[in-house]
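What follows is a set of notes on a single structure, which appears directly below.
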Protein chains: 4
Amino acid sequence: MKDIQNERDYRNMAINKVGIKELKYPVTVLDRSQGEQHTVASINMYVDLPHEYKGTHMSRFVELLHFFRPVISLKTFSNILNQMKQHLNAASAHIEVTFPYFIEKSAPVTGAKGLMDYACRLIGSVHPGSKIDLVSEVIVPISSVCPCSKEISDAGAHNQRGRVNLRTRFKKFIWLEDMIGIVERSASCDVFSVLKRSDEKFITEKGYANPKFVEDIVRDIALELKADKNITWFAVEVENFESIHNHNAYAFITSGEPPRILPES
Amino acid sequence: MKDIQNERDYRNMAINKVGIKELKYPVTVLDRSQGEQHTVASINMYVDLPHEYKGTHMSRFVELLHFFRPVISLKTFSNILNQMKQHLNAASAHIEVTFPYFIEKSAPVTGAKGLMDYACRLIGSVHPGSKIDLVSEVIVPISSVCPCSKEISDAGAHNQRGRVNLRTRFKKFIWLEDMIGIVERSASCDVFSVLKRSDEKFITEKGYANPKFVEDIVRDIALELKADKNITWFAVEVENFESIHNHNAYAFITSGEPPRILPES
Amino acid sequence: MKDIQNERDYRNMAINKVGIKELKYPVTVLDRSQGEQHTVASINMYVDLPHEYKGTHMSRFVELLHFFRPVISLKTFSNILNQMKQHLNAASAHIEVTFPYFIEKSAPVTGAKGLMDYACRLIGSVHPGSKIDLVSEVIVPISSVCPCSKEISDAGAHNQRGRVNLRTRFKKFIWLEDMIGIVERSASCDVFSVLKRSDEKFITEKGYANPKFVEDIVRDIALELKADKNITWFAVEVENFESIHNHNAYAFITSGEPPRILPES
Amino acid sequence: MKDIQNERDYRNMAINKVGIKELKYPVTVLDRSQGEQHTVASINMYVDLPHEYKGTHMSRFVELLHFFRPVISLKTFSNILNQMKQHLNAASAHIEVTFPYFIEKSAPVTGAKGLMDYACRLIGSVHPGSKIDLVSEVIVPISSVCPCSKEISDAGAHNQRGRVNLRTRFKKFIWLEDMIGIVERSASCDVFSVLKRSDEKFITEKGYANPKFVEDIVRDIALELKADKNITWFAVEVENFESIHNHNAYAFITSGEPPRILPES
């Protein structure tokens, strides 16, 4: 049976990335307190394609993923990426694994337990002549109280749910739990799945005592990351679903180059 | 050229609805203060298909829409639905037109003007032996302040953006503006696109003086609708993006039959 | 500490549904071949609220869910719903659990194994004076080949990915696998996560030999469901992401009352 | 009334971007054949914030937008960005305007007219010491027929709807219509809103005669862009909603630096 993909291409145009996108798969990820955690991921896997080949072999990505599924982690990405390069005859390889991650949290006064969900992503790349590039991303829901509203109003202050997207590069392995902790400490207050009335009183008063703009939150996270010798790069976005508007407030700091204006995808 | 759709079908199975879904089209809708408003819609159009026909003719839906585009409104739905029945040889017809709608609002103290966006939907159906059935739907962003949090806390109260989905049937034409007004009056406070500092003070204090659960908001809207002789049916949902949780609070009242457990789509 | 929710309400307006929406939680569901399967759900839980109460106690929903988490299934819904009624002092209760579900499928020629994802939902309701009402829903990706395009064209036929939403009520417990099987048998061809070249040849030829409109697919599914004595009600939607348009083709059949025009959402 | 935002900040941490996100607003954009087109946009506007200021003044973004609304275009971005810098006391400014754009297309045989929708985005940035940076983005739905499936199968070939995301930088103003044209010419076939039977025959045969992998489409677009002296940079993504899988095939080529592994937002 003819292998069209393997034919020679004459357009002289290499492809930066080719592969599969939005494959849903159950995976097991590392969990600091439980050892491991079952979750469900959306996965993108790409390799480069040299100019002389007509196409890549898409089924091999899924076969590799099916094989590696039990051990998805930053610690095994190096192996997966090398297998991708080898099985797809590629010089570079790229994987993104996005999944909900759950941490048991206790309510601050009653100690009532519930699970909080965080959207997480692990990203790995290898390119010729470079070391493996790993990035860990967490999206953390938070609560923020507006300092301006508090200052100028006779009582109350508008507040809202917000969302922080934190991505890091690092020297040694970093736990999702540690990245989430940095974000939650920097909000007006963190959020919970179960709160009884005495917890709600605590949370309300804590947030009101601790008003923060998106600008404050993004700065406080950036300060903690800058002081952390293990973090070699970070990008942090804070977005508040303003309770007084139907649009959002947004702030962004990166330790690296000011970003080009375009998202890659 | 053979017309497969027109062939006889022998499965003896009529189809309730068949047609096109999620067609994006620019439309003009009625605007109480401007006369009309240009917007962009996502449109579903369906007819029934008797058991003896193999298929419907999908292109005719788009042709009809293209023809009627200048005059999309509850007032013209009767005509569109009749044309759908006629051109598709159908006994019943159904159309849903979903679009963002903008209203100029002035900030409460400074009067600063900006446009607020509301997600709206017009729905029309005709069935044999029944009068045309029209429904108007608005999704209105609101602000809500938690009465429990205010009561039990020494200072402050958690609040958040919320979203109200209101659908009505009516005797005489009803303006989107009137439906939006009912919702905005029933929230702790309505939301704005432009607010200067003196407006923000006003809004914060108004909301804090007017704390409401989702239960309060849904009831106050329902009470106003019940008292309105023009409204023959309503369904109202309130959903708060709780600032202390990563899940939402929800309440629902309908004037009609308690809903079956299943959404139609 | 004052319990505002428990206070008397004087508006004389009962609430059909009140509770929590879009709570993300890890759950374990029944799996026909593995016994059980770990997945991640988005959960809605509602009760009614009699007119005399000001509010419900939202935290109790999450506490109940946290307690029942290991055993989410149609078989345990009766117990969960009764606990909801009891802990929330309600007459009726409603739960919706939506989750991705995975089934191992072998490619049709090579037998290569991969996991296919299906979006599933379990819904349960209890109302005074009625038996528990259970609904099972699956969303199944399919492939469809257009009969008209095949008939009129000298070669080829446009085809596309589609999506079938099937919901059923039943006498005895029904497996998600059985509902998915009915849908996959009725498509031009089912879809796979891993296909080698000989599989792709098989799939292409099978689909081309088996062209079906959305009308054909929805009818063939409805016929099989009608013949199944265990199914007491169904609603089936087929939606094709037409490869020649940027809008979708759609067909819907229900065994029950022709649906009212409005989704409950 | 105190201006908290204007207060001195002592954390010594400048913010790369701060502003508003996902503001919905009606806008008028340039239309090559009509002069202008009314549409509805989702808008992000950001400036930098020097380390010594506590916050930015979010309401000024909306005021500026409200003022400039009639003339949103790449041609007026320079003016908007300068006003943003001036009114927000910033050194750099950034705007993204995302909107559906409609072009009338005639069916290839019958000439039946309908409107096709394209998701477009205009992006502008100014930074100290650099010229204004403008990017134009279009997302174009296409049809693709698989060359491998055609080659190995006795009849038929799987095909599907796909989506191409093309972003360009340029010397002289570039029309959205021209970017869309480049993409549509490179697909197996372009897609339409209205097709009669003779058109469907034409489309089916054209696609079948012109099979293309995502790799072929991304290369053919890249080749045409490389040959265009007006294009100074491009990034093109092709994503096929494979009709034989529930995941997508993907390919990406950029004329610039191989992208860093992380999207900016």
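Quick note on naming: the chains in the structure tokens go A, B, ... in the order shown, residues restart at 1 in each chain, and ligands are numbered from 1 in order of appearance.
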Output the contact residues of chain A with respect to chain D at a cut-off of 6 Å, based on only C-alpha atoms, as a count of residues only.
-> 20
Could you name the residues that touch B:Leu64 at 9 Å or less, counting only C-alpha atoms, but leaving out those on the same chain fewer than 6 positions away, as a ChimeraX atom specification?
-> /B:80,83-84,87
With all heavy atoms retained, could you export that selection as a PDB file, in the first residue's frame?
ATOM      1  N   ILE B  80     -41.455  34.997   7.903  1.00  0.00           N
ATOM      2  CA  ILE B  80     -40.322  34.090   7.666  1.00  0.00           C
ATOM      3  C   ILE B  80     -40.749  32.636   7.868  1.00  0.00           C
ATOM      4  O   ILE B  80     -40.452  31.760   7.050  1.00  0.00           O
ATOM      5  CB  ILE B  80     -39.149  34.416   8.623  1.00  0.00           C
ATOM      6  CG1 ILE B  80     -38.609  35.825   8.358  1.00  0.00           C
ATOM      7  CG2 ILE B  80     -38.031  33.374   8.493  1.00  0.00           C
ATOM      8  CD1 ILE B  80     -37.497  36.257   9.311  1.00  0.00           C
ATOM      9  N   GLN B  83     -42.863  31.387   5.041  1.00  0.00           N
ATOM     10  CA  GLN B  83     -42.030  31.133   3.865  1.00  0.00           C
ATOM     11  C   GLN B  83     -41.240  29.834   4.037  1.00  0.00           C
ATOM     12  O   GLN B  83     -41.042  29.088   3.079  1.00  0.00           O
ATOM     13  CB  GLN B  83     -41.062  32.304   3.651  1.00  0.00           C
ATOM     14  CG  GLN B  83     -41.754  33.612   3.287  1.00  0.00           C
ATOM     15  CD  GLN B  83     -42.259  33.631   1.851  1.00  0.00           C
ATOM     16  OE1 GLN B  83     -41.643  33.046   0.969  1.00  0.00           O
ATOM     17  NE2 GLN B  83     -43.408  34.262   1.635  1.00  0.00           N
ATOM     18  N   MET B  84     -40.759  29.582   5.244  1.00  0.00           N
ATOM     19  CA  MET B  84     -40.029  28.335   5.494  1.00  0.00           C
ATOM     20  C   MET B  84     -40.939  27.140   5.228  1.00  0.00           C
ATOM     21  O   MET B  84     -40.561  26.182   4.549  1.00  0.00           O
ATOM     22  CB  MET B  84     -39.492  28.294   6.935  1.00  0.00           C
ATOM     23  CG  MET B  84     -38.285  29.202   7.172  1.00  0.00           C
ATOM     24  SD  MET B  84     -37.862  29.387   8.942  1.00  0.00           S
ATOM     25  CE  MET B  84     -37.405  27.704   9.387  1.00  0.00           C
ATOM     26  N   HIS B  87     -41.558  26.975   1.293  1.00  0.00           N
ATOM     27  CA  HIS B  87     -40.417  26.603   0.449  1.00  0.00           C
ATOM     28  C   HIS B  87     -39.859  25.232   0.801  1.00  0.00           C
ATOM     29  O   HIS B  87     -39.172  24.616  -0.007  1.00  0.00           O
ATOM     30  CB  HIS B  87     -39.316  27.665   0.540  1.00  0.00           C
ATOM     31  CG  HIS B  87     -39.629  28.914  -0.210  1.00  0.00           C
ATOM     32  ND1 HIS B  87     -39.214  29.130  -1.498  1.00  0.00           N
ATOM     33  CD2 HIS B  87     -40.373  30.000   0.135  1.00  0.00           C
ATOM     34  CE1 HIS B  87     -39.655  30.303  -1.901  1.00  0.00           C
ATOM     35  NE2 HIS B  87     -40.364  30.865  -0.937  1.00  0.00           N
TER      36      HIS B  87
END
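Excluding stretch 193-206 of chain A itself and same-chain residues fewer than 2 positions from it, the residues having an atom within 7 Å of it are Ala107, Pro108, Val109, Thr110, Ala112, Lys113, Gly114, Leu115, Met116, Cys189, Tyr208, Ala209 and Asn210 of chain A; Ser149, Ile152, Ser153, Asp154, Ala155, Gly156, Ala157, His158, His245 and Asn246 of chain B; Ser59, Val62 and Glu63 of chain C, counting only C-alpha atoms.
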Would you give me, as a VMD selection string, the residues in stretch 62-213 of chain D that DSSP reads as strand (DSSP E)?
-> chain D and resid 93 to 106 113 to 126 133 to 145 159 to 170 189 to 190
Dump of C-alpha atoms for the selected residues, as an mmCIF file, in the first residue's frame:
data_model
loop_
_atom_site.group_PDB
_atom_site.id
_atom_site.type_symbol
_atom_site.label_atom_id
_atom_site.label_comp_id
_atom_site.auth_asym_id
_atom_site.auth_seq_id
_atom_site.Cartn_x
_atom_site.Cartn_y
_atom_site.Cartn_z
ATOM 1 C CA ALA D 93 0.185 50.611 24.206
ATOM 2 C CA HIS D 94 -1.487 47.546 22.742
ATOM 3 C CA ILE D 95 -4.908 46.894 21.198
ATOM 4 C CA GLU D 96 -6.606 43.758 19.858
ATOM 5 C CA VAL D 97 -9.959 43.945 18.047
ATOM 6 C CA THR D 98 -11.574 40.593 17.196
ATOM 7 C CA PHE D 99 -14.733 40.445 15.070
ATOM 8 C CA PRO D 100 -16.710 38.358 12.584
ATOM 9 C CA TYR D 101 -16.364 39.679 9.051
ATOM 10 C CA PHE D 102 -18.686 38.846 6.168
ATOM 11 C CA ILE D 103 -17.992 38.599 2.450
ATOM 12 C CA GLU D 104 -20.604 37.942 -0.210
ATOM 13 C CA LYS D 105 -19.669 34.839 -2.185
ATOM 14 C CA SER D 106 -21.362 33.405 -5.255
ATOM 15 C CA LYS D 113 -25.283 34.521 -3.438
ATOM 16 C CA GLY D 114 -24.742 34.212 0.298
ATOM 17 C CA LEU D 115 -22.550 35.714 3.004
ATOM 18 C CA MET D 116 -19.551 33.807 4.373
ATOM 19 C CA ASP D 117 -18.291 34.565 7.873
ATOM 20 C CA TYR D 118 -14.607 34.862 8.779
ATOM 21 C CA ALA D 119 -13.225 35.477 12.281
ATOM 22 C CA CYS D 120 -10.764 38.362 12.028
ATOM 23 C CA ARG D 121 -8.479 40.220 14.386
ATOM 24 C CA LEU D 122 -6.513 43.452 14.082
ATOM 25 C CA ILE D 123 -3.648 43.935 16.520
ATOM 26 C CA GLY D 124 -1.547 47.024 17.099
ATOM 27 C CA SER D 125 1.328 47.833 19.467
ATOM 28 C CA VAL D 126 3.635 50.739 20.077
ATOM 29 C CA ASP D 133 3.694 47.108 15.000
ATOM 30 C CA LEU D 134 0.532 46.019 13.169
ATOM 31 C CA VAL D 135 -0.706 42.470 12.643
ATOM 32 C CA SER D 136 -3.752 41.330 10.705
ATOM 33 C CA GLU D 137 -5.298 37.928 11.407
ATOM 34 C CA VAL D 138 -7.983 35.912 9.615
ATOM 35 C CA ILE D 139 -9.498 32.546 10.528
ATOM 36 C CA VAL D 140 -10.818 30.913 7.372
ATOM 37 C CA PRO D 141 -12.966 27.759 7.205
ATOM 38 C CA ILE D 142 -11.873 25.402 4.421
ATOM 39 C CA SER D 143 -12.499 21.940 3.043
ATOM 40 C CA SER D 144 -9.714 19.364 2.750
ATOM 41 C CA VAL D 145 -9.621 15.933 1.104
ATOM 42 C CA ASN D 159 -12.565 14.835 3.826
ATOM 43 C CA GLN D 160 -13.572 17.411 6.429
ATOM 44 C CA ARG D 161 -14.002 20.991 7.426
ATOM 45 C CA GLY D 162 -10.772 22.647 8.504
ATOM 46 C CA ARG D 163 -9.749 26.012 9.823
ATOM 47 C CA VAL D 164 -6.779 28.147 8.840
ATOM 48 C CA ASN D 165 -5.413 30.878 11.074
ATOM 49 C CA LEU D 166 -3.251 33.310 9.122
ATOM 50 C CA ARG D 167 -1.463 36.279 10.685
ATOM 51 C CA THR D 168 0.662 38.743 8.750
ATOM 52 C CA ARG D 169 2.814 41.826 9.132
ATOM 53 C CA PHE D 170 3.132 43.955 5.976
ATOM 54 C CA CYS D 189 -11.785 23.614 -1.890
ATOM 55 C CA ASP D 190 -13.195 26.711 -0.231
#
From a DSSP pass on the backbone, collect the residues of stretch 44-250 of chain D flagged as helix (DSSP H, G or I) and hand them back as a PyMOL selection string.
-> chain D and resi 58-71+74-87+147-152+176-186+197-208+214-226
Can you tell me, as a list of chain:residue names, what residues are no more than 10 Å from C:Asp178 when counting only C-alpha atoms, ignoring any on the same chain fewer than 5 positions away?
-> C:Arg32, C:Val183, C:Glu184
Can you work out the spacing between atom CA of C:Trp233 and atom CA of C:Leu30 in Å, to one decimal?
-> 22.1 Å
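Straight-line separation from atom CA of D:Asn82 to atom CA of D:His57: 16.0 Å.
Take atom CA of D:Phe192 and atom CA of B:Ala91: the distance between them is 28.2 Å.
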